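So this one's final02.cif, mmCIF, C-alpha atoms:
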```cif
data_target
loop_
_atom_site.label_atom_id
_atom_site.label_comp_id
_atom_site.auth_asym_id
_atom_site.auth_seq_id
_atom_site.Cartn_x
_atom_site.Cartn_y
_atom_site.Cartn_z
CA MET E 1 -15.14 -7.83 -15.73
CA THR E 2 -13.88 -6.87 -12.26
CA VAL E 3 -10.15 -6.25 -12.01
CA PRO E 4 -8.71 -8.13 -8.97
CA TRP E 5 -6.95 -5.05 -7.56
CA GLU E 6 -6.34 -6.71 -4.20
CA GLN E 7 -4.29 -9.50 -5.80
CA LEU E 8 -2.65 -7.12 -8.30
CA HIS E 9 -1.65 -4.68 -5.56
CA GLY E 10 -0.27 -7.51 -3.43
CA ALA E 11 1.80 -8.76 -6.36
CA MET E 12 3.02 -5.35 -7.53
CA THR E 13 4.20 -4.07 -4.16
CA HIS E 14 6.79 -6.80 -3.68
CA PHE E 15 9.06 -5.69 -6.55
CA PRO E 16 9.73 -2.11 -5.41
CA ILE E 17 10.13 -3.18 -1.76
CA ALA E 18 12.54 -5.99 -2.58
CA LEU E 19 14.53 -3.89 -5.06
CA LEU E 20 14.83 -0.96 -2.65
CA LEU E 21 16.09 -3.20 0.15
CA PHE E 22 18.46 -4.93 -2.30
CA SER E 23 19.74 -1.57 -3.54
CA ALA E 24 20.35 -0.37 0.03
CA ALA E 25 22.19 -3.63 0.78
CA CYS E 26 24.37 -3.16 -2.33
CA ASP E 27 25.22 0.40 -1.27
CA PHE E 28 26.11 -0.80 2.21
CA GLY E 29 28.22 -3.59 0.66
CA SER E 30 30.03 -1.12 -1.60
CA VAL E 31 30.93 1.06 1.38
CA VAL E 32 32.18 -1.95 3.35
CA LEU E 33 34.28 -3.20 0.42
CA GLY E 34 35.76 0.26 -0.08
CA LYS E 35 38.09 0.46 -3.07
CA MET E 36 37.81 -3.15 -4.24
CA ALA E 37 36.71 -3.57 -7.87
CA PHE E 38 33.58 -5.41 -6.78
CA ALA E 39 32.44 -2.34 -4.82
CA SER E 40 32.11 -0.39 -8.06
CA GLU E 41 29.99 -3.19 -9.55
CA LEU E 42 27.78 -3.14 -6.47
CA ARG E 43 27.25 0.61 -6.86
CA LYS E 44 26.14 0.11 -10.48
CA VAL E 45 23.73 -2.65 -9.46
CA SER E 46 22.44 -0.39 -6.70
CA ILE E 47 21.70 2.47 -9.14
CA TYR E 48 19.70 0.28 -11.52
CA GLY E 49 17.98 -1.56 -8.67
CA LEU E 50 16.84 1.74 -7.22
CA ALA E 51 15.71 3.08 -10.61
CA VAL E 52 13.63 -0.03 -11.34
CA SER E 53 12.23 0.09 -7.80
CA ALA E 54 11.07 3.69 -8.33
CA VAL E 55 9.42 2.84 -11.67
CA ALA E 56 7.77 -0.29 -10.20
CA SER E 57 6.52 1.71 -7.22
CA ILE E 58 4.32 3.76 -9.56
CA GLY E 59 2.47 0.57 -10.56
CA ALA E 60 2.11 -0.39 -6.90
CA VAL E 61 0.72 3.04 -6.01
CA VAL E 62 -1.71 3.09 -8.94
CA SER E 63 -3.05 -0.38 -8.05
CA GLY E 64 -3.33 0.71 -4.39
CA ILE E 65 -5.35 3.79 -5.34
CA ALA E 66 -7.63 1.62 -7.47
CA LEU E 67 -8.00 -0.88 -4.59
CA THR E 68 -9.02 1.77 -2.07
CA LYS E 69 -11.11 3.65 -4.67
CA GLY E 70 -9.02 6.78 -4.21
CA ASN E 71 -8.93 6.77 -0.40
CA MET E 72 -5.51 8.38 0.05
CA TRP E 73 -5.46 8.37 3.86
CA GLY E 74 -8.08 6.29 5.72
CA HIS E 75 -8.34 5.09 9.31
CA GLY E 76 -6.83 2.28 11.35
CA GLU E 77 -4.36 0.05 9.55
CA LEU E 78 -5.06 1.71 6.21
CA GLY E 79 -4.19 5.04 7.80
CA TRP E 80 -0.93 3.64 9.22
CA HIS E 81 -0.13 2.03 5.86
CA HIS E 82 -0.49 5.44 4.21
CA ARG E 83 1.39 7.33 6.94
CA PHE E 84 4.48 5.27 6.14
CA LEU E 85 3.82 4.82 2.43
CA TRP E 86 3.58 8.41 1.20
CA PRO E 87 6.88 9.61 2.73
CA ALA E 88 8.54 6.40 1.50
CA PHE E 89 7.18 6.88 -2.03
CA GLY E 90 8.29 10.53 -2.13
CA LEU E 91 11.75 9.66 -0.82
CA LEU E 92 12.10 6.72 -3.21
CA ILE E 93 11.35 8.89 -6.26
CA ALA E 94 13.68 11.66 -5.05
CA LEU E 95 16.53 9.26 -4.23
CA ALA E 96 16.25 7.48 -7.59
CA ILE E 97 16.31 10.76 -9.54
CA TRP E 98 19.21 12.09 -7.45
CA ARG E 99 21.22 8.90 -7.82
CA LEU E 100 20.66 8.72 -11.58
CA LEU E 101 21.84 12.33 -11.95
CA VAL E 102 24.85 12.08 -9.64
CA ARG E 103 25.85 8.47 -10.37
CA ASP E 104 29.36 7.76 -9.02
CA GLN E 105 30.37 11.38 -8.57
CA MET E 106 29.28 11.52 -4.95
CA SER E 107 31.15 13.43 -2.28
CA ARG E 108 31.67 11.83 1.12
CA ALA E 109 28.95 14.04 2.63
CA GLY E 110 26.64 13.20 -0.28
CA LEU E 111 27.21 9.49 0.26
CA CYS E 112 26.48 9.81 3.99
CA VAL E 113 23.22 11.71 3.41
CA TYR E 114 22.22 9.33 0.64
CA LEU E 115 22.87 6.22 2.75
CA PHE E 116 20.97 7.69 5.71
CA LEU E 117 17.96 8.46 3.48
CA MET E 118 18.16 5.03 1.83
CA PHE E 119 17.95 3.30 5.22
CA LEU E 120 15.18 5.66 6.33
CA THR E 121 13.21 4.90 3.14
CA SER E 122 13.81 1.17 3.59
CA GLY E 123 12.42 1.37 7.13
CA LEU E 124 9.40 3.39 6.03
CA ILE E 125 8.62 1.05 3.15
CA ALA E 126 9.04 -2.01 5.37
CA ALA E 127 6.56 -0.49 7.86
CA ALA E 128 4.13 0.39 5.06
CA GLY E 129 4.46 -3.20 3.79
CA TYR E 130 3.78 -4.57 7.28
CA PHE E 131 0.55 -2.59 7.71
CA GLY E 132 -0.46 -3.34 4.12
CA GLY E 133 0.02 -7.03 4.78
CA GLU E 134 -2.00 -6.82 8.00
CA LEU E 135 -4.72 -5.04 6.05
CA LEU E 136 -4.99 -7.64 3.29
CA LEU E 137 -4.06 -10.82 5.16
CA GLY E 138 -4.57 -10.10 8.83
CA GLY E 139 -8.34 -10.38 8.77
CA GLY E 140 -9.00 -6.71 9.66
CA MET A 141 29.86 19.57 2.02
CA LEU A 142 27.78 18.57 -0.99
CA ASN A 143 29.26 19.53 -4.36
CA ALA A 144 27.43 21.70 -6.92
CA ARG A 145 26.36 18.71 -9.01
CA GLU A 146 24.81 17.03 -5.97
CA ILE A 147 22.97 20.19 -4.94
CA ASN A 148 21.52 20.71 -8.42
CA ALA A 149 20.54 17.05 -8.59
CA ALA A 150 18.88 17.35 -5.17
CA LYS A 151 16.79 20.32 -6.35
CA ILE A 152 15.58 18.38 -9.40
CA ALA A 153 14.95 15.25 -7.29
CA VAL A 154 12.89 17.10 -4.66
CA LEU A 155 10.91 18.95 -7.32
CA THR A 156 10.14 15.71 -9.20
CA SER A 157 9.16 13.98 -5.98
CA VAL A 158 6.82 16.78 -4.90
CA LEU A 159 5.31 16.88 -8.39
CA THR A 160 4.79 13.09 -8.40
CA LEU A 161 3.10 13.17 -4.99
CA THR A 162 0.91 16.10 -6.02
CA VAL A 163 -0.22 14.35 -9.21
CA THR A 164 -0.81 11.13 -7.26
CA PHE A 165 -2.97 12.86 -4.64
CA LEU A 166 -4.90 14.81 -7.27
CA ALA A 167 -5.55 11.61 -9.23
CA GLY A 168 -6.65 9.88 -6.03
CA ARG A 169 -9.00 12.75 -5.15
CA ILE A 170 -10.59 12.68 -8.62
CA TYR A 171 -10.99 8.90 -8.45
CA TRP A 172 -12.47 9.16 -4.91
CA GLN A 173 -15.09 11.65 -6.09
CA HIS A 174 -15.84 9.59 -9.20
CA ALA A 175 -16.18 6.37 -7.15
CA ALA A 176 -18.55 8.12 -4.71
CA LYS A 177 -20.84 9.08 -7.60
CA GLU A 178 -20.75 5.54 -9.02
CA GLU A 179 -21.61 3.93 -5.66
CA PRO A 180 -24.87 2.03 -6.23
CA LYS A 181 -27.79 3.36 -4.22
CA PRO A 182 -29.57 0.82 -2.01
CA ALA A 183 -32.98 -0.12 -3.37
CA ALA A 184 -34.53 -0.77 0.02
CA GLY A 185 -34.46 1.36 3.17
CA PHE A 186 -31.37 1.13 5.34
CA ASP A 187 -33.12 -0.86 8.09
CA THR A 188 -34.29 -3.48 5.62
CA LEU A 189 -30.79 -3.62 4.17
CA VAL A 190 -29.25 -4.18 7.59
CA ALA A 191 -31.86 -6.82 8.49
CA GLN A 192 -31.09 -8.75 5.31
CA GLY A 193 -27.36 -8.35 5.96
CA ARG A 194 -27.84 -9.72 9.49
CA SER A 195 -29.67 -12.71 8.06
CA PHE A 196 -26.84 -13.44 5.59
CA PHE A 197 -24.33 -12.98 8.41
CA ALA A 198 -26.17 -15.47 10.62
CA LYS A 199 -26.24 -17.97 7.76
CA SER A 200 -22.65 -17.76 6.55
CA CYS A 201 -20.45 -15.88 9.02
CA ALA A 202 -21.77 -16.43 12.54
CA HIS A 203 -20.42 -19.97 12.95
CA CYS A 204 -16.85 -18.61 12.80
CA HIS A 205 -17.17 -14.96 13.87
CA GLY A 206 -19.76 -15.60 16.58
CA ARG A 207 -23.51 -15.06 16.62
CA ASP A 208 -23.01 -11.45 17.74
CA ALA A 209 -19.92 -10.99 15.57
CA ASP A 210 -17.77 -10.71 18.70
CA GLY A 211 -15.33 -13.39 17.57
CA GLY A 212 -15.02 -17.13 17.73
CA GLU A 213 -12.24 -19.64 18.37
CA ASP A 214 -10.78 -19.32 14.89
CA ALA A 215 -12.02 -15.95 13.70
CA PRO A 216 -11.68 -12.40 15.05
CA SER A 217 -14.38 -10.10 16.34
CA LEU A 218 -15.98 -7.97 13.65
CA ARG A 219 -17.08 -5.30 16.08
CA LYS A 220 -15.23 -1.97 15.94
CA LEU A 221 -13.67 -2.79 12.56
CA SER A 222 -11.38 0.02 11.45
CA ILE A 223 -11.40 -0.88 7.75
CA SER A 224 -13.45 0.93 5.10
CA PRO A 225 -16.71 -0.51 3.69
CA GLY A 226 -14.89 -0.96 0.38
CA HIS A 227 -12.26 -3.08 2.06
CA MET A 228 -14.90 -5.12 3.95
CA THR A 229 -16.48 -5.85 0.58
CA LEU A 230 -13.12 -6.93 -0.82
CA VAL A 231 -12.42 -9.28 2.08
CA ILE A 232 -15.88 -10.88 1.86
CA GLN A 233 -15.61 -11.32 -1.89
CA SER A 234 -11.95 -12.36 -2.07
CA GLY A 235 -11.58 -14.18 1.26
CA ILE A 236 -8.29 -14.43 3.16
CA LYS A 237 -5.77 -17.02 2.07
CA ASP A 238 -5.83 -20.13 4.32
CA GLU A 239 -8.16 -18.36 6.77
CA MET A 240 -11.45 -17.37 5.23
CA PRO A 241 -13.23 -18.57 2.09
CA SER A 242 -14.39 -16.26 -0.68
CA PHE A 243 -18.12 -15.52 -0.74
CA ALA A 244 -18.10 -14.00 -4.23
CA LYS A 245 -19.98 -16.95 -5.72
CA LYS A 246 -22.42 -17.33 -2.87
CA TYR A 247 -23.48 -13.69 -2.56
CA SER A 248 -24.07 -11.08 -5.24
CA ASP A 249 -22.54 -7.60 -4.99
CA THR A 250 -25.83 -6.30 -3.59
CA ASP A 251 -25.95 -9.06 -0.95
CA VAL A 252 -22.38 -8.33 0.10
CA GLN A 253 -23.34 -4.66 0.49
CA LYS A 254 -26.11 -5.76 2.83
CA ILE A 255 -23.63 -7.73 4.95
CA VAL A 256 -21.29 -4.72 4.99
CA ALA A 257 -24.20 -2.46 5.98
CA TYR A 258 -24.91 -4.80 8.91
CA LEU A 259 -21.22 -4.90 9.94
CA GLN A 260 -21.13 -1.10 9.94
CA THR A 261 -23.92 -1.01 12.48
CA LEU A 262 -21.71 -2.96 14.90
CA LYS A 263 -19.20 -0.11 15.32
#
```
The structure in this file should be written as structure tokens.
Amino acid sequence: MTVPWEQLHGAMTHFPIALLLFSAACDFGSVVLGKMAFASELRKVSIYGLAVSAVASIGAVVSGIALTKGNMWGHGELGWHHRFLWPAFGLLIALAIWRLLVRDQMSRAGLCVYLFLMFLTSGLIAAAGYFGGELLLGGG
Amino acid sequence: MLNAREINAAKIAVLTSVLTLTVTFLAGRIYWQHAAKEEPKPAAGFDTLVAQGRSFFAKSCAHCHGRDADGGEDAPSLRKLSISPGHMTLVIQSGIKDEMPSFAKKYSDTDVQKIVAYLQTLK
């Protein structure tokens, strides 16, 4: 039986992308709301959203490797997909681990660096998703 | 400035991330080498393979992608494709939603390889 990696990869990539963007939005919301009680709830949601995104990204990466038969770089759109994907994947794992360890005990500088990296990762993953979509749905 | 807890957490996070990427790339490399060994060898000579692929292309693909594969009204040119042979195979077998039908039932894996071999000659 042939495993439909193309469909599986397409399905599995949406969870980490959506959760990362959601987590970044929650962080942004918590900063905007400042000291309101809801801001603290948003931060908690953001932590778990990011953690689940990091775990789900492993499934997406594994299915992607299976789909390309271990081609970790490639040319054309596949190459661009990977150029954005690997930094995004590395950053996502690092940010999730860091956030789980630090939780709410972030300094102002820590929060600034974290938010900058979250938005950078969101941009990278969005670009990787764009080229991945072009690859699978754009007709080559 | 970052506090001590943040700095320690950052060290662990970076180390875990680098380790994850290293394991991922190693796994990919091993899979790549394994897949290359498993790649079925063509039974006929390459020219015969390409000729058969061209024949299948003319029968099933040319009416949309053009007789010379340089594109039609509704389908793109297949010349200078930048995707891998593995991905060409996937697209032919799976199709593209709302744009291109799947040819998995019409052509066997070997036949699809012939079409891919032909498409590779167009680069």
Requested in this report: Considering all atoms listed in the file, extract the chain A residues located within 6 Å of chain E and return them as a list in words.
Outcome: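 Only these qualify: Met141, Leu142, Ala149, Ala150, Ala153, Val154, Ser157, Gly168, Tyr171, Trp172, Ser222 and Ile236 of chain A.
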Report task. Could you jot down the CA of Ser53 (chain E) to CA of Phe15 (chain E) separation for me, Å, one decimal place? Result ->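 For CA of Ser53 (chain E) relative to CA of Phe15 (chain E), the distance reads 6.7 Å.
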Query raised in the report: Which is closest to Ala24 (chain E) among E:Ala127, E:Ile47, E:Leu85, E:Leu8, if we use only C-alpha atoms?
Result: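 The shortest atom-to-atom distance to Ala24 (chain E) comes from E:Ile47.
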Query - Hits from the PyMOL selection byres ((chain A and resi 237-254) around 8), listed as a list of chain:residue names - result: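 On this input, the PyMOL selection byres ((chain A and resi 237-254) around 8) captures E:Leu137, A:Leu189, A:Val190, A:Gln192, A:Gly193, A:Arg194, A:Phe196, A:Thr229, A:Val231, A:Ile232, A:Gln233, A:Ser234, A:Gly235, A:Ile236, A:Ile255, A:Val256, A:Ala257, A:Tyr258.
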Please produce a file of those selected residues containing C-alpha atoms, as a PDB file, keeping the file's coordinate frame.
```
ATOM      1  CA  LEU E 137      -4.060 -10.820   5.160  1.00  0.00           C
TER       2      LEU E 137
ATOM      3  CA  LEU A 189     -30.790  -3.620   4.170  1.00  0.00           C
ATOM      4  CA  VAL A 190     -29.250  -4.180   7.590  1.00  0.00           C
ATOM      5  CA  GLN A 192     -31.090  -8.750   5.310  1.00  0.00           C
ATOM      6  CA  GLY A 193     -27.360  -8.350   5.960  1.00  0.00           C
ATOM      7  CA  ARG A 194     -27.840  -9.720   9.490  1.00  0.00           C
ATOM      8  CA  PHE A 196     -26.840 -13.440   5.590  1.00  0.00           C
ATOM      9  CA  THR A 229     -16.480  -5.850   0.580  1.00  0.00           C
ATOM     10  CA  VAL A 231     -12.420  -9.280   2.080  1.00  0.00           C
ATOM     11  CA  ILE A 232     -15.880 -10.880   1.860  1.00  0.00           C
ATOM     12  CA  GLN A 233     -15.610 -11.320  -1.890  1.00  0.00           C
ATOM     13  CA  SER A 234     -11.950 -12.360  -2.070  1.00  0.00           C
ATOM     14  CA  GLY A 235     -11.580 -14.180   1.260  1.00  0.00           C
ATOM     15  CA  ILE A 236      -8.290 -14.430   3.160  1.00  0.00           C
ATOM     16  CA  ILE A 255     -23.630  -7.730   4.950  1.00  0.00           C
ATOM     17  CA  VAL A 256     -21.290  -4.720   4.990  1.00  0.00           C
ATOM     18  CA  ALA A 257     -24.200  -2.460   5.980  1.00  0.00           C
ATOM     19  CA  TYR A 258     -24.910  -4.800   8.910  1.00  0.00           C
TER      20      TYR A 258
END
```
**Report entry** Test item: the PyMOL selection byres ((chain A and resi 209) around 12) resolved as an MDAnalysis selection string
**Finding:** chainID A and resid 194 197:198 200:208 210:213 215:221 255 258:263
For the selection you just gave me, I'd like the residues written to a file as a PDB file, in the coordinates of the input, keeping C-alpha atoms.
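The resulting file, part.pdb, is reproduced below:
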```
ATOM      1  CA  ARG A 194     -27.840  -9.720   9.490  1.00  0.00           C
ATOM      2  CA  PHE A 197     -24.330 -12.980   8.410  1.00  0.00           C
ATOM      3  CA  ALA A 198     -26.170 -15.470  10.620  1.00  0.00           C
ATOM      4  CA  SER A 200     -22.650 -17.760   6.550  1.00  0.00           C
ATOM      5  CA  CYS A 201     -20.450 -15.880   9.020  1.00  0.00           C
ATOM      6  CA  ALA A 202     -21.770 -16.430  12.540  1.00  0.00           C
ATOM      7  CA  HIS A 203     -20.420 -19.970  12.950  1.00  0.00           C
ATOM      8  CA  CYS A 204     -16.850 -18.610  12.800  1.00  0.00           C
ATOM      9  CA  HIS A 205     -17.170 -14.960  13.870  1.00  0.00           C
ATOM     10  CA  GLY A 206     -19.760 -15.600  16.580  1.00  0.00           C
ATOM     11  CA  ARG A 207     -23.510 -15.060  16.620  1.00  0.00           C
ATOM     12  CA  ASP A 208     -23.010 -11.450  17.740  1.00  0.00           C
ATOM     13  CA  ASP A 210     -17.770 -10.710  18.700  1.00  0.00           C
ATOM     14  CA  GLY A 211     -15.330 -13.390  17.570  1.00  0.00           C
ATOM     15  CA  GLY A 212     -15.020 -17.130  17.730  1.00  0.00           C
ATOM     16  CA  GLU A 213     -12.240 -19.640  18.370  1.00  0.00           C
ATOM     17  CA  ALA A 215     -12.020 -15.950  13.700  1.00  0.00           C
ATOM     18  CA  PRO A 216     -11.680 -12.400  15.050  1.00  0.00           C
ATOM     19  CA  SER A 217     -14.380 -10.100  16.340  1.00  0.00           C
ATOM     20  CA  LEU A 218     -15.980  -7.970  13.650  1.00  0.00           C
ATOM     21  CA  ARG A 219     -17.080  -5.300  16.080  1.00  0.00           C
ATOM     22  CA  LYS A 220     -15.230  -1.970  15.940  1.00  0.00           C
ATOM     23  CA  LEU A 221     -13.670  -2.790  12.560  1.00  0.00           C
ATOM     24  CA  ILE A 255     -23.630  -7.730   4.950  1.00  0.00           C
ATOM     25  CA  TYR A 258     -24.910  -4.800   8.910  1.00  0.00           C
ATOM     26  CA  LEU A 259     -21.220  -4.900   9.940  1.00  0.00           C
ATOM     27  CA  GLN A 260     -21.130  -1.100   9.940  1.00  0.00           C
ATOM     28  CA  THR A 261     -23.920  -1.010  12.480  1.00  0.00           C
ATOM     29  CA  LEU A 262     -21.710  -2.960  14.900  1.00  0.00           C
ATOM     30  CA  LYS A 263     -19.200  -0.110  15.320  1.00  0.00           C
TER      31      LYS A 263
END
```
Evaluate the PyMOL selection byres ((chain E and resi 129) around 12) against this structure - the residues, as a PDB file with C-alpha atoms, keeping the file's coordinate frame, please.
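See selection.pdb below for the written result:
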```
ATOM      1  CA  HIS E   9      -1.650  -4.680  -5.560  1.00  0.00           C
ATOM      2  CA  GLY E  10      -0.270  -7.510  -3.430  1.00  0.00           C
ATOM      3  CA  ALA E  11       1.800  -8.760  -6.360  1.00  0.00           C
ATOM      4  CA  MET E  12       3.020  -5.350  -7.530  1.00  0.00           C
ATOM      5  CA  THR E  13       4.200  -4.070  -4.160  1.00  0.00           C
ATOM      6  CA  HIS E  14       6.790  -6.800  -3.680  1.00  0.00           C
ATOM      7  CA  PHE E  15       9.060  -5.690  -6.550  1.00  0.00           C
ATOM      8  CA  PRO E  16       9.730  -2.110  -5.410  1.00  0.00           C
ATOM      9  CA  ILE E  17      10.130  -3.180  -1.760  1.00  0.00           C
ATOM     10  CA  ALA E  18      12.540  -5.990  -2.580  1.00  0.00           C
ATOM     11  CA  ALA E  60       2.110  -0.390  -6.900  1.00  0.00           C
ATOM     12  CA  GLY E  64      -3.330   0.710  -4.390  1.00  0.00           C
ATOM     13  CA  GLU E  77      -4.360   0.050   9.550  1.00  0.00           C
ATOM     14  CA  LEU E  78      -5.060   1.710   6.210  1.00  0.00           C
ATOM     15  CA  TRP E  80      -0.930   3.640   9.220  1.00  0.00           C
ATOM     16  CA  HIS E  81      -0.130   2.030   5.860  1.00  0.00           C
ATOM     17  CA  HIS E  82      -0.490   5.440   4.210  1.00  0.00           C
ATOM     18  CA  ARG E  83       1.390   7.330   6.940  1.00  0.00           C
ATOM     19  CA  PHE E  84       4.480   5.270   6.140  1.00  0.00           C
ATOM     20  CA  LEU E  85       3.820   4.820   2.430  1.00  0.00           C
ATOM     21  CA  TRP E  86       3.580   8.410   1.200  1.00  0.00           C
ATOM     22  CA  ALA E  88       8.540   6.400   1.500  1.00  0.00           C
ATOM     23  CA  PHE E  89       7.180   6.880  -2.030  1.00  0.00           C
ATOM     24  CA  THR E 121      13.210   4.900   3.140  1.00  0.00           C
ATOM     25  CA  SER E 122      13.810   1.170   3.590  1.00  0.00           C
ATOM     26  CA  GLY E 123      12.420   1.370   7.130  1.00  0.00           C
ATOM     27  CA  LEU E 124       9.400   3.390   6.030  1.00  0.00           C
ATOM     28  CA  ILE E 125       8.620   1.050   3.150  1.00  0.00           C
ATOM     29  CA  ALA E 126       9.040  -2.010   5.370  1.00  0.00           C
ATOM     30  CA  ALA E 127       6.560  -0.490   7.860  1.00  0.00           C
ATOM     31  CA  ALA E 128       4.130   0.390   5.060  1.00  0.00           C
ATOM     32  CA  TYR E 130       3.780  -4.570   7.280  1.00  0.00           C
ATOM     33  CA  PHE E 131       0.550  -2.590   7.710  1.00  0.00           C
ATOM     34  CA  GLY E 132      -0.460  -3.340   4.120  1.00  0.00           C
ATOM     35  CA  GLY E 133       0.020  -7.030   4.780  1.00  0.00           C
ATOM     36  CA  GLU E 134      -2.000  -6.820   8.000  1.00  0.00           C
ATOM     37  CA  LEU E 135      -4.720  -5.040   6.050  1.00  0.00           C
ATOM     38  CA  LEU E 136      -4.990  -7.640   3.290  1.00  0.00           C
ATOM     39  CA  LEU E 137      -4.060 -10.820   5.160  1.00  0.00           C
TER      40      LEU E 137
END
```
Report task. Please indicate the distance in Å from CA of Leu166 (chain A) to CA of Gly59 (chain E), rounded to one decimal place. Result ->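 Computing it gives 16.4 Å between the two atoms.
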**Report entry** Between CA of Phe165 (chain A) and CA of Thr2 (chain E) - distance in Å to one decimal
**Finding:**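 CA of Thr2 (chain E) sits 23.8 Å away from CA of Phe165 (chain A).
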What does region 245-260 of chain A look like written to a file with N, CA and C atoms, as a CSV table (one decimal), in the first residue's frame?
```csv
chain,number,residue,atom,x,y,z
A,245,LYS,N,-4.7,5.6,-12.1
A,245,LYS,CA,-5.4,4.4,-12.6
A,245,LYS,C,-5.0,4.1,-14.0
A,246,LYS,N,-4.8,5.2,-14.8
A,246,LYS,CA,-4.5,5.0,-16.2
A,246,LYS,C,-3.1,4.4,-16.5
A,247,TYR,N,-2.2,4.9,-15.8
A,247,TYR,CA,-0.8,4.5,-16.0
A,247,TYR,C,-0.2,3.8,-14.8
A,248,SER,N,0.6,2.8,-15.0
A,248,SER,CA,1.3,2.1,-13.9
A,248,SER,C,2.5,2.9,-13.5
A,249,ASP,N,3.1,2.5,-12.4
A,249,ASP,CA,4.3,3.3,-11.9
A,249,ASP,C,5.3,3.3,-13.0
A,250,THR,N,5.5,2.2,-13.7
A,250,THR,CA,6.6,2.2,-14.7
A,250,THR,C,6.2,3.1,-15.8
A,251,ASP,N,5.0,3.2,-16.2
A,251,ASP,CA,4.5,4.1,-17.3
A,251,ASP,C,4.7,5.5,-16.9
A,252,VAL,N,4.4,5.8,-15.6
A,252,VAL,CA,4.6,7.2,-15.2
A,252,VAL,C,6.1,7.6,-15.2
A,253,GLN,N,6.9,6.6,-14.9
A,253,GLN,CA,8.4,6.9,-14.9
A,253,GLN,C,8.8,7.2,-16.3
A,254,LYS,N,8.2,6.6,-17.3
A,254,LYS,CA,8.5,6.8,-18.7
A,254,LYS,C,8.1,8.3,-19.1
A,255,ILE,N,6.9,8.7,-18.6
A,255,ILE,CA,6.5,10.1,-18.9
A,255,ILE,C,7.5,11.0,-18.2
A,256,VAL,N,7.9,10.7,-17.0
A,256,VAL,CA,8.8,11.6,-16.3
A,256,VAL,C,10.1,11.6,-17.0
A,257,ALA,N,10.6,10.5,-17.5
A,257,ALA,CA,11.8,10.4,-18.2
A,257,ALA,C,11.8,11.4,-19.5
A,258,TYR,N,10.6,11.3,-20.2
A,258,TYR,CA,10.4,12.2,-21.3
A,258,TYR,C,10.4,13.7,-20.9
A,259,LEU,N,9.7,14.0,-19.8
A,259,LEU,CA,9.7,15.4,-19.3
A,259,LEU,C,11.0,15.9,-19.0
A,260,GLN,N,11.9,15.0,-18.5
A,260,GLN,CA,13.2,15.4,-18.1
A,260,GLN,C,14.1,15.8,-19.3
```
